[in-house]
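Enquirer: One structure, pasted below without further comment.
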Amino acid sequence: MNNLETASSSGKDNSSPTKGRYSVLGLLTLAAAVAYLTRNAVGVAESTIRNDLDLSLQQSGWFMGTFFWSYAILQVPSGTLAQKRGTRFALTLFATAWSIAALMIGVAPGLWLLLAAQLTMGAAQAGTFPASCLSISQWIPLARRSFSCGVLSMGMQVGAITASLITGPFILMVDWRWAFVVYAIPGFLWAMVFWKRFRDNPAESSLVNKSELALITEHQVVVPQKKDNTSSSTVEKIPWKAILTQPAIWFLCVQQMCRASGYMFFASWFPTFLQETRGVSVEDSGYLQALVFSGTMAGALCGGLLTDRIWKQTKSLRMSRSGVGVTFLTGCALLILAAWFVESTLLAVTLLALGALFAALVGPSAYSAAIDLGGKHVPQVFGLMNMMGNLAAAACPILVAELFDKTADWTLVLLVFAAIYLLGAISWLFVDPRKSIG
């Protein structure tokens with residue numbers, strides 16, 4: 001007896017859709033939060049770790065940026081692994097591995113183990129979001145897909161904000177090493193729950209009845225996936241030529257590079273930037289970083305609602321994706337530029353938080369555009385987009401350190417990132433999500 005028959009015989013009302021899709025979205029969002037908790041704690045703890053281990057500013061830049069090299073390079077391979085072996089297997093493996101990496105940071109005696117830990121964490125988290133978007137494309141109806149991407153993005157910021165708020169006080173109370181040991185625990189617990197409750201195919205899940213399955217599969221592109229109870233899979237050959245010669249995909253990658261590098265500044269050097277330019281404490285810099293991430297969180301959720309609303313009203317993928325991207329990345333650039341002129345720390349950070357909110361409004365549009373363009377090959381298109389974005393993010397901490405080393409002027413960073421976000425806005429003009437590769 002299959003799961004749907006079991007659900008029917010156990011008394012589920014098949015005339016009313018169940019809510020299994022929301023349970024799945026909740027699990028994916030929780031994974032995003034836990035992932036960002038472990039990775040974003042590094043930015044707040046950076047100056048403490050640097051002083052404790054006697055690292056130079058450049059070495060610390062490499063420490064923060066190393067995560068993104070493996071994270072970027074393994075986006076496509078990890079996404080393909082999720083497609084071939086299933087999200088259930090892949091995300092369980094990834095969460096376990098990034099939790100081990102957090103433990104490695106906690107016990108690191110020097111730079112080399114820190115770098116190894118960051119490489120491991122980057123590799124482990126590389127496939128998390130391509131796999132999650134693959135599951136969203138299979139579990140969430142089209143009309144709610146951007147909102148779901150926004151919820152997933154919100155989960156990332158919940159983790160980032162939590163790291164910003166508690167890491168500073170935590171390392172003052174118990175030492176930075178214990179902080180990373182404790183941060184490893186949620187990932188292990190999540191992996192066990194996910195393995196038990198999640199199924200790759202909604203039709204094989206006991207959480208779903210026939211009515212919900214019909215709702216999920218309406219307008220859906222069927223992606224071949226490994227079944228949970230088989231040892232092999234037949235996945236359609238990946239059309240790399242079509243992917244790599246589609247201009248819309250490359251412009252989507254450019255906007256992702258601009259957004260990712262901007263976000264990376266806030267996730268890495270921003271606490272140090274505040275300490276150096278505004279004279280704030282380590283603890284207070286974490287709180288102000290959390291304020292910026294609050295803007296990012298609000299933008300991620302509102303961006304999903306906005307994108308879905310525009311699509312419902314216009315039925316235009318271009319308006320609901322590209323239109324949102326151009327408008328709000330331009331606004332972000334202007335807000336960051338305004339912060340450069342402001343003397344008040346709180347007002348400047350508030351402007352930056354609004355800029356982060358505007359940039360985050362674009363995130364669900366980018367995720368949805370990757371799903372639209374990817375068709376049957378979402379992990380590869382999303383992975384390519386995220387890979388390019390994270391190559392830029394990997395370079396960001398190093399380039400910021402070099403900029404300061406040559407100019408001794410932290411304030412120039414804001415001008416640089418205002419220009420970067422403007423370039424991202426221009427790139428969206430050339431993204432046409434209607435040109436799916438099939």
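Chain labels A, B, ... are given in the sequence in which chains occur in the structure tokens; within each chain residues are numbered consecutively from 1, and ligands are likewise numbered from 1 in the order shown.
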Go through range 227-333 of chain A and collect every residue that DSSP, computed from the backbone, puts in alpha helix (DSSP H); the answer should be as a PyMOL selection string.

Expert: chain A and resi 240-244+247-267+270-278+282-314+317-318+324-333

Enquirer: Within 10 Å of Ser261 in chain A, counting only C-alpha atoms, which residues show up once you throw out same-chain ones fewer than 5 positions away? Write them as a list in words, please.

Expert: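 The residues satisfying every condition are Gln256, Phe266, Ala267, Gly389, Asn390, Leu391, Ala392, Ala393, Ala394, Ala395, Cys396, Pro397, Phe417, Ile420 and Tyr421 of chain A.
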
Enquirer: Tell me which protein, DNA and RNA residues are within 6 Å of range 153-159 of chain A, counting only C-alpha atoms, leaving out same-chain ones fewer than 2 positions away, and put them as number ranges by chain.

Expert: A: 29, 32-34, 36-37, 150-151, 161-162, 297, 300-301

Enquirer: Would you pick out the contacts of Ala35 in chain A at 9 Å or less, using only C-alpha atoms, so that residues sharing its chain but fewer than 6 positions from it are not included, and give the list as a count of residues only?

Expert: 9

Enquirer: List as a ChimeraX atom specification the protein and nucleic acid residues near range 303-317 of chain A, meaning an atom at most 7 Å away when only C-alpha atoms are counted, but skip any in the same chain fewer than 3 places from it.

Expert: /A:143-144,146-150,299-300,320-321,361-362,364-365,433-434

Enquirer: Find the residues near range 242-244 of chain A: any atom within 8 Å, counting only C-alpha atoms, skip ones fewer than 6 places away on the same chain, and give them as a PDB file with C-alpha atoms, in the first residue's frame.

Expert:
```
ATOM      1  CA  TRP A 250      24.841  35.153 -17.164  1.00  0.00           C
ATOM      2  CA  VAL A 381      21.158  26.944 -13.027  1.00  0.00           C
ATOM      3  CA  ILE A 437      16.212  26.210 -21.150  1.00  0.00           C
TER       4      ILE A 437
END
```

Enquirer: Which of these, A:Met121, A:Ile140, A:Leu274, A:Leu329, has the shortest distance to Gly355 in chain A once you count only C-alpha atoms?

Expert: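 Checking each of A:Met121, A:Ile140, A:Leu274, A:Leu329 against Gly355 in chain A, counting only C-alpha atoms, the winner is A:Leu329.
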
Enquirer: Identify which of the residues A:Ala356, A:Ala333, A:Ala163, A:Ala214 lies closest to Pro17 in chain A, counting only C-alpha atoms when measuring atom-to-atom distances.

Expert: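 Once distances to Pro17 in chain A are computed over only C-alpha atoms, the minimum belongs to A:Ala214.
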